[in-house]
Amino acid sequence: MELRFIARTFWASFISSLKMVLRYVTLRGLVAFNISVPLFFVLTSWVIGQFMTGGTGVSGFFTETTGMADYLSFVTIGFAFNSFIFSAVFGGSHAIRGEQEHGTAELVFVTPSNKLAWLLGKMMGDIIFSIITFFILLVFGATLFGFHPKAPPNIPLAIVGILLTMIALTAFGFVFAGICFTAKREHELSQVLWPMMVLFGGLAFPITNFPLWWKIIAWMIPVTHGAEITRNALLLGSSFLDHDILIGLGMLVLQTIILLPIGTLLYTKMEKAAKKKGTLATY
Amino acid sequence: MPVYAIETKNLTKVFEKKAKIEGKGLKHFFRRVRPKKEELVAVDHINLGIKEGELFGLLGPNGAGKTTTIKLLSTLLIPDEGTATVNGYDVSKQPREVQQSIGVVTGGERGLYWRLTGRENLWFFSQLYNIPDRVAKKRIDELLPLVELEKRADEHVEKYSRGMKQRLHVIRGLVNDPPIILMDEPTLGLDPGSARVIRDFVKNELQGKQNKTILHTTHYMEEADQLCDRIAIIDNGKIIALDTPEKLKKKIRRTDIISMNVSNLQQADEKKLQAIDGVKKAVIAFTDPTVGKASIKIHCDNAEEVMPVATEFLIRNGARIMTLEQTKPTLEDVFISMTGRKLRD
Amino acid sequence: MNVIREWRTFKAIFVRNIKLFTAYKAWVIATVIWPIPLLALNILQWGLFGTLGEVSETLEQSGFPPLAGTIIVGTIVYLLYNRLLWGTGVSIQSERWMGTIEVLFVTPTNKMTVLLASGVSSLVEASWWIVCIFGMSWMLFGVQPSITSWPTVFLCLVSTMVALLAVGVFFGGFFVLTRAADQLASGLQAPIRFFSGVAFPVNVLPQTLQFVSFVIPVTYGILTLRDSILSGGDINTIWLNIVALYAMAAIFLVLAHFTIKAVERRAKKNGTLYMF
C-alpha cells in the first residue's frame, strides 16, 4: 500500500511537472538550451586545441597523460555529464523554488504524500531531458569532431556508469533541495557548485597530474567516476573487470549507499527546520 | 466528556524577528549590521475544542494569529509549546495521520498551477492523497459541478477569474473527502456574489449535507456571524472570547435602539413610551409639528420584544409609521468592548 | 519626460534591489566564491595541452598576454555581462514571479527607467565581484598587470559597463514578451562566452567565426581591458574599441526604447503581462 502511494505520488508529480515544462517553453528551446552550455565548452576546447597544436588537433601531452588519442572526445563526454549535474543535483532545489514562487509549496507539504517521491517526480522531467541532451551532445561531438576510440566501445558499461552516477548525484540533489529551504537562492548556490563539480570532477581536463588533495576531492564526487568509466568504456573499450573500472564502479556504489540515506535524512531535517522557523513557503 | 475533532492545549508559536533600531550615527549603523533578535508570539497558549460537525469560526484582525493557527493544525508549522490534536492525532507526533484527515482551503491568485487545467490541478492533488486514479476522476467530476466549474475545468487556470480560482481552491481542499476542513479566509478579496456562493456552499453543502467539521478563519465579522456555530475571537495570538455569536453579543452591555420616523403624532408622549416594559429611554423630536412629523428613538434591552408594543402604542394614538429600523450589537462591538479597537483597524 | 519622476523611480528601484541583494546573505557570500572555480575552470581548460607554464609561454610567443591574466580579464567581463543580463534582463520576469508586475506597469513611470535602475543596481553587485576577483586572482594565480595608464583602465571599465548595461536593458524589454526569460538568458550565456573570447584571445578563433565576435559588445570590453591591464595599452591603442562600445550602447538603448514599448503593448493586448 505504501509503495503504491509512493509510486502514485511520484507519477503525479512527474506528469504534472512535465506538462508544465512542455507548455511553458517549446521542447526544441529546452533541448537547445540544455545543449548550448556543454557544446560551447567543447567548442572552446576545440579552439584552444587548434591553437595549441598548430591546427593538427593532436596533443602529445594529452595522449601521454591519459592514454587516449583524442582530447575532444574526452571533453565531449566529460561535458555531456554537465547536463546530469544540472538535472540531478539542482533539479530538486529548482523544484522547491518553483513551488515557493507558485505559492503551492504549502499545499503540497500539507498532504500525506512522501515528499522525496514528490521531489523525485519533479526532478525526473529534468533528468529525462538531461539524458536526451547527453546523447544529442555525443552525436554532435561525433559528427563535428569525430570520435576516435582505440578499441570497440563497451556500451553496457557506459550505461551502467551513467545510471550509477545519476543515482548518486540525485542524493546530492536531495541535500541541495533541503539547503534551498533555508538559503532561498538556489540559482546562485548552484552557480557556485556547478563549476566546482566540473573542475574537480575532471570533466574538462584530466586530473592525473594534479596534487593529492585535488584527487581526494575528485574521488568524493560521483561525476568523476561516472565520467571516467564512460570515457574508458567508449574510448578505450574497457571491460567491467578492468581494475580501474572495478574501483570506479565500486566507488559509485559506495557513494550511492552512503549519500542516499544521508541526503534523505538531511532533506527531512531541513524540511522540519523550515517548518519550525515558518520558512517553508517563503522565498 | 465530549470528543473533539480538533483540540488544542496551550498551543504556542513564537517567531524571531529583528529588533527595530532607531536613530542615526555610527553606533546605530553597527547595530543595524548585527541587529538583536526579538521574539514575536504569533499564537499564545490557545485552548480550543471543536466538536465533530461544528462550523467553528476564528475571527480576528490581520496579524492576530489566525493563519498561524491553521498552519499549526495542518502540520505546516511545528509548535513551540503546547499540543494540538486533529481527528485524535497529535500534529507533532502523527503528522501523516493528521494530513490524511484534513483538507486545507487557502485562497488568492497563487496556490494553483497556472499552466495546468483546473481538472489537472485537482487530479495532481488527489494523487498526493493516495486516491486511485479512477476514484479521483469520479470525485473530481462530482466536485466540479458543486462550484459550477464543470464547463471550464479543462482550461488553464491562468485564464480563470479570481472567483473561479477561489472556487477551485475550495474543491481542491475537498478532493480527499476529509472529515475536517481548515479554511483560511476563503472569501478574501471576492465580490459579494462570489463570496455568497462560497458561504452558501460551506454552510449548506459541507456542514449541512456532508457534516464536515470546519474551522473557518476570517476577519469579516458578518461572515462569522452568519456561518459559524461558535466563534473564537483572537487578537495578538490570544483567544479573548469564545462562544456562540448570540451569547457573545449578549455579553456586552449594549442597548438596542429602535429608530422611527412618524407622522400625524399628536403629542410627545415620551413618558408613556418609557412606561412600556423593557424601554429604558424614549426620545421624541418633532421635525414638523404642523403635520406631526417626528423622529423617535427608543433605547431598550431587546428591540424584538419592545418593537411590536411600541409600534402598536403609536398606531393606537393615531401616528403613522414611515420608517422603522433597529440596531443590535454586532461582533465588532464585542471586539471593541474587549480590546478597545475596531476589528478593521 | 518628467525628470524628477524618473529620478524618483530610478532611486526607488535601485534602493529596493540593493536591499534585496544584501537581504540574502547566501548570495553575498556566493558572489565572492562563485568566480573562483569558474576562473580556475577557464584557466585549467588549457591544461589539456601542457602545463600552465608551457601554455603561457606559447601564448606569449604568439604575442598574447600571459594565460592567467588573459583568462581573468575575460572572466571578469563575462561575469559583468552575466550579472547585467540577469539583473536587468530578468528584472521584468522577477516582477512576474513576485506578482508585482501589474502594480509596476500601472504606474506612469517609464519602463526604461525601471530597467536602467535594475541594471545599475546589478552593477553595484558586479563591482563587489570585480574587487573580489582582482584581489583573489592576484594572490591565487600570481597575475602581473602591466598598466601604464590607470585612467585608460578606468575608461575601459566604465565603457564596458555602459555597453553591457545597454545590452541588458534591451533584453529586459524583450523578455516582457516571451515568458521563457530565464531559459533565453541562460541560452545566450554559452555562445556569448565562446564568441567573445572569454577563455581564449578572440584572434585565436577561425577567421570565419570572428565576425560574430565583433558584433558582441562583450568582445570589445574584453579586448580593451586586456590591452590596458595586461599589455600596457593606452588611449591611443584602445580608442577605436571604446568608440565601438559606445556606439553599441547607443544602438541597444535605442532598440530597447522601441522594443519595450512594443512588447508592453503586445503583452497588454494579449493579457499576458502577469502570466508566467
# chains A, B, ... in the order shown; residues from 1 in each chain; ligands from 1
>>> residues_around(residues="Glu2 of chain A", least_positions_apart="2", cutoff="10 Å", atoms="only C-alpha atoms", output="NGL selection string")
(:A and (4-8 or 113-114)) or (:B and (130))
>>> select_by_dssp(residues="segment 204-315 of chain B", states="alpha helix (DSSP H)", output="number ranges by chain")
B: 221-227, 245-251, 270-274, 303-315
>>> interface_residues(of="chain C", to="chain A", cutoff="8 Å", atoms="only C-alpha atoms", output="count of residues only")
37
>>> atom_distance(atom1="atom CA of Gly248 of chain A", atom2="atom CA of Lys150 of chain A")
20.2 Å
>>> residues_around(residues="segment 281-295 of chain B", least_positions_apart="5", cutoff="9 Å", atoms="only C-alpha atoms", output="number ranges by chain")
B: 259-271, 273-274, 300, 319
>>> residues_around(residues="Lys209 of chain B", least_positions_apart="5", cutoff="12 Å", atoms="only C-alpha atoms", output="NGL selection string")
:B and (53 or 200-204)
>>> closest_atom_pairs(of="chain B", to="chain A", cutoff="10 Å", atoms="only C-alpha atoms", output="Markdown table")
| residue | atom | partner | partner_atom | distance |
| --- | --- | --- | --- | --- |
| B:Lys13 | CA | A:Lys276 | CA | 9.0 |
| B:Val14 | CA | A:Lys277 | CA | 8.9 |
| B:Phe15 | CA | A:Lys277 | CA | 6.9 |
| B:Glu16 | CA | A:Lys277 | CA | 8.2 |
| B:Thr68 | CA | A:Gly278 | CA | 9.1 |
| B:Lys71 | CA | A:Val110 | CA | 8.9 |
| B:Leu72 | CA | A:Lys275 | CA | 9.3 |
| B:Ser74 | CA | A:Val110 | CA | 6.3 |
| B:Thr75 | CA | A:Val110 | CA | 6.6 |
| B:Leu76 | CA | A:Lys275 | CA | 5.7 |
| B:Leu77 | CA | A:Lys275 | CA | 4.6 |
| B:Ile78 | CA | A:Lys276 | CA | 4.9 |
| B:Pro79 | CA | A:Lys276 | CA | 7.3 |
| B:Asp80 | CA | A:Lys276 | CA | 8.0 |
| B:Pro95 | CA | A:Pro112 | CA | 7.9 |
| B:Arg96 | CA | A:Pro112 | CA | 5.0 |
| B:Glu97 | CA | A:Pro112 | CA | 7.4 |
| B:Val98 | CA | A:Pro112 | CA | 8.2 |
| B:Gln99 | CA | A:Pro112 | CA | 5.1 |
| B:Gln100 | CA | A:Pro112 | CA | 5.8 |
| B:Ser101 | CA | A:Pro112 | CA | 9.3 |
| B:Ile102 | CA | A:Thr111 | CA | 8.7 |
| B:Gly103 | CA | A:Thr111 | CA | 8.5 |
| B:Val104 | CA | A:Leu107 | CA | 7.6 |
| B:Val105 | CA | A:Leu107 | CA | 8.9 |
| B:Thr106 | CA | A:Leu107 | CA | 8.6 |
| B:Gly108 | CA | A:Gly103 | CA | 9.4 |
| B:Glu109 | CA | A:Gly103 | CA | 8.7 |
| B:Arg110 | CA | A:Gly103 | CA | 5.0 |
| B:Gly111 | CA | A:Thr104 | CA | 4.3 |
| B:Leu112 | CA | A:Thr104 | CA | 6.1 |
| B:Tyr113 | CA | A:His102 | CA | 6.9 |
| B:Trp114 | CA | A:His102 | CA | 8.4 |
| B:Arg115 | CA | A:Met20 | CA | 5.6 |
| B:Leu116 | CA | A:Met20 | CA | 6.6 |
| B:Glu120 | CA | A:Ser16 | CA | 7.7 |
| B:Asn121 | CA | A:Ser16 | CA | 8.3 |
| B:Trp123 | CA | A:Ala12 | CA | 8.0 |
| B:Phe124 | CA | A:Ala12 | CA | 5.5 |
| B:Phe125 | CA | A:Val108 | CA | 7.6 |
| B:Ser126 | CA | A:Ala12 | CA | 8.9 |
| B:Gln127 | CA | A:Thr9 | CA | 5.8 |
| B:Leu128 | CA | A:Ser113 | CA | 5.0 |
| B:Tyr129 | CA | A:Pro112 | CA | 6.2 |
| B:Asn130 | CA | A:Phe5 | CA | 5.3 |
| B:Ile131 | CA | A:Phe5 | CA | 8.4 |
| B:Pro132 | CA | A:Arg8 | CA | 8.2 |
| B:Asp133 | CA | A:Arg8 | CA | 8.9 |
| B:Arg172 | CA | A:Leu107 | CA | 9.7 |
| B:Gly173 | CA | A:Leu107 | CA | 9.1 |
| B:Asn176 | CA | A:Thr111 | CA | 9.7 |
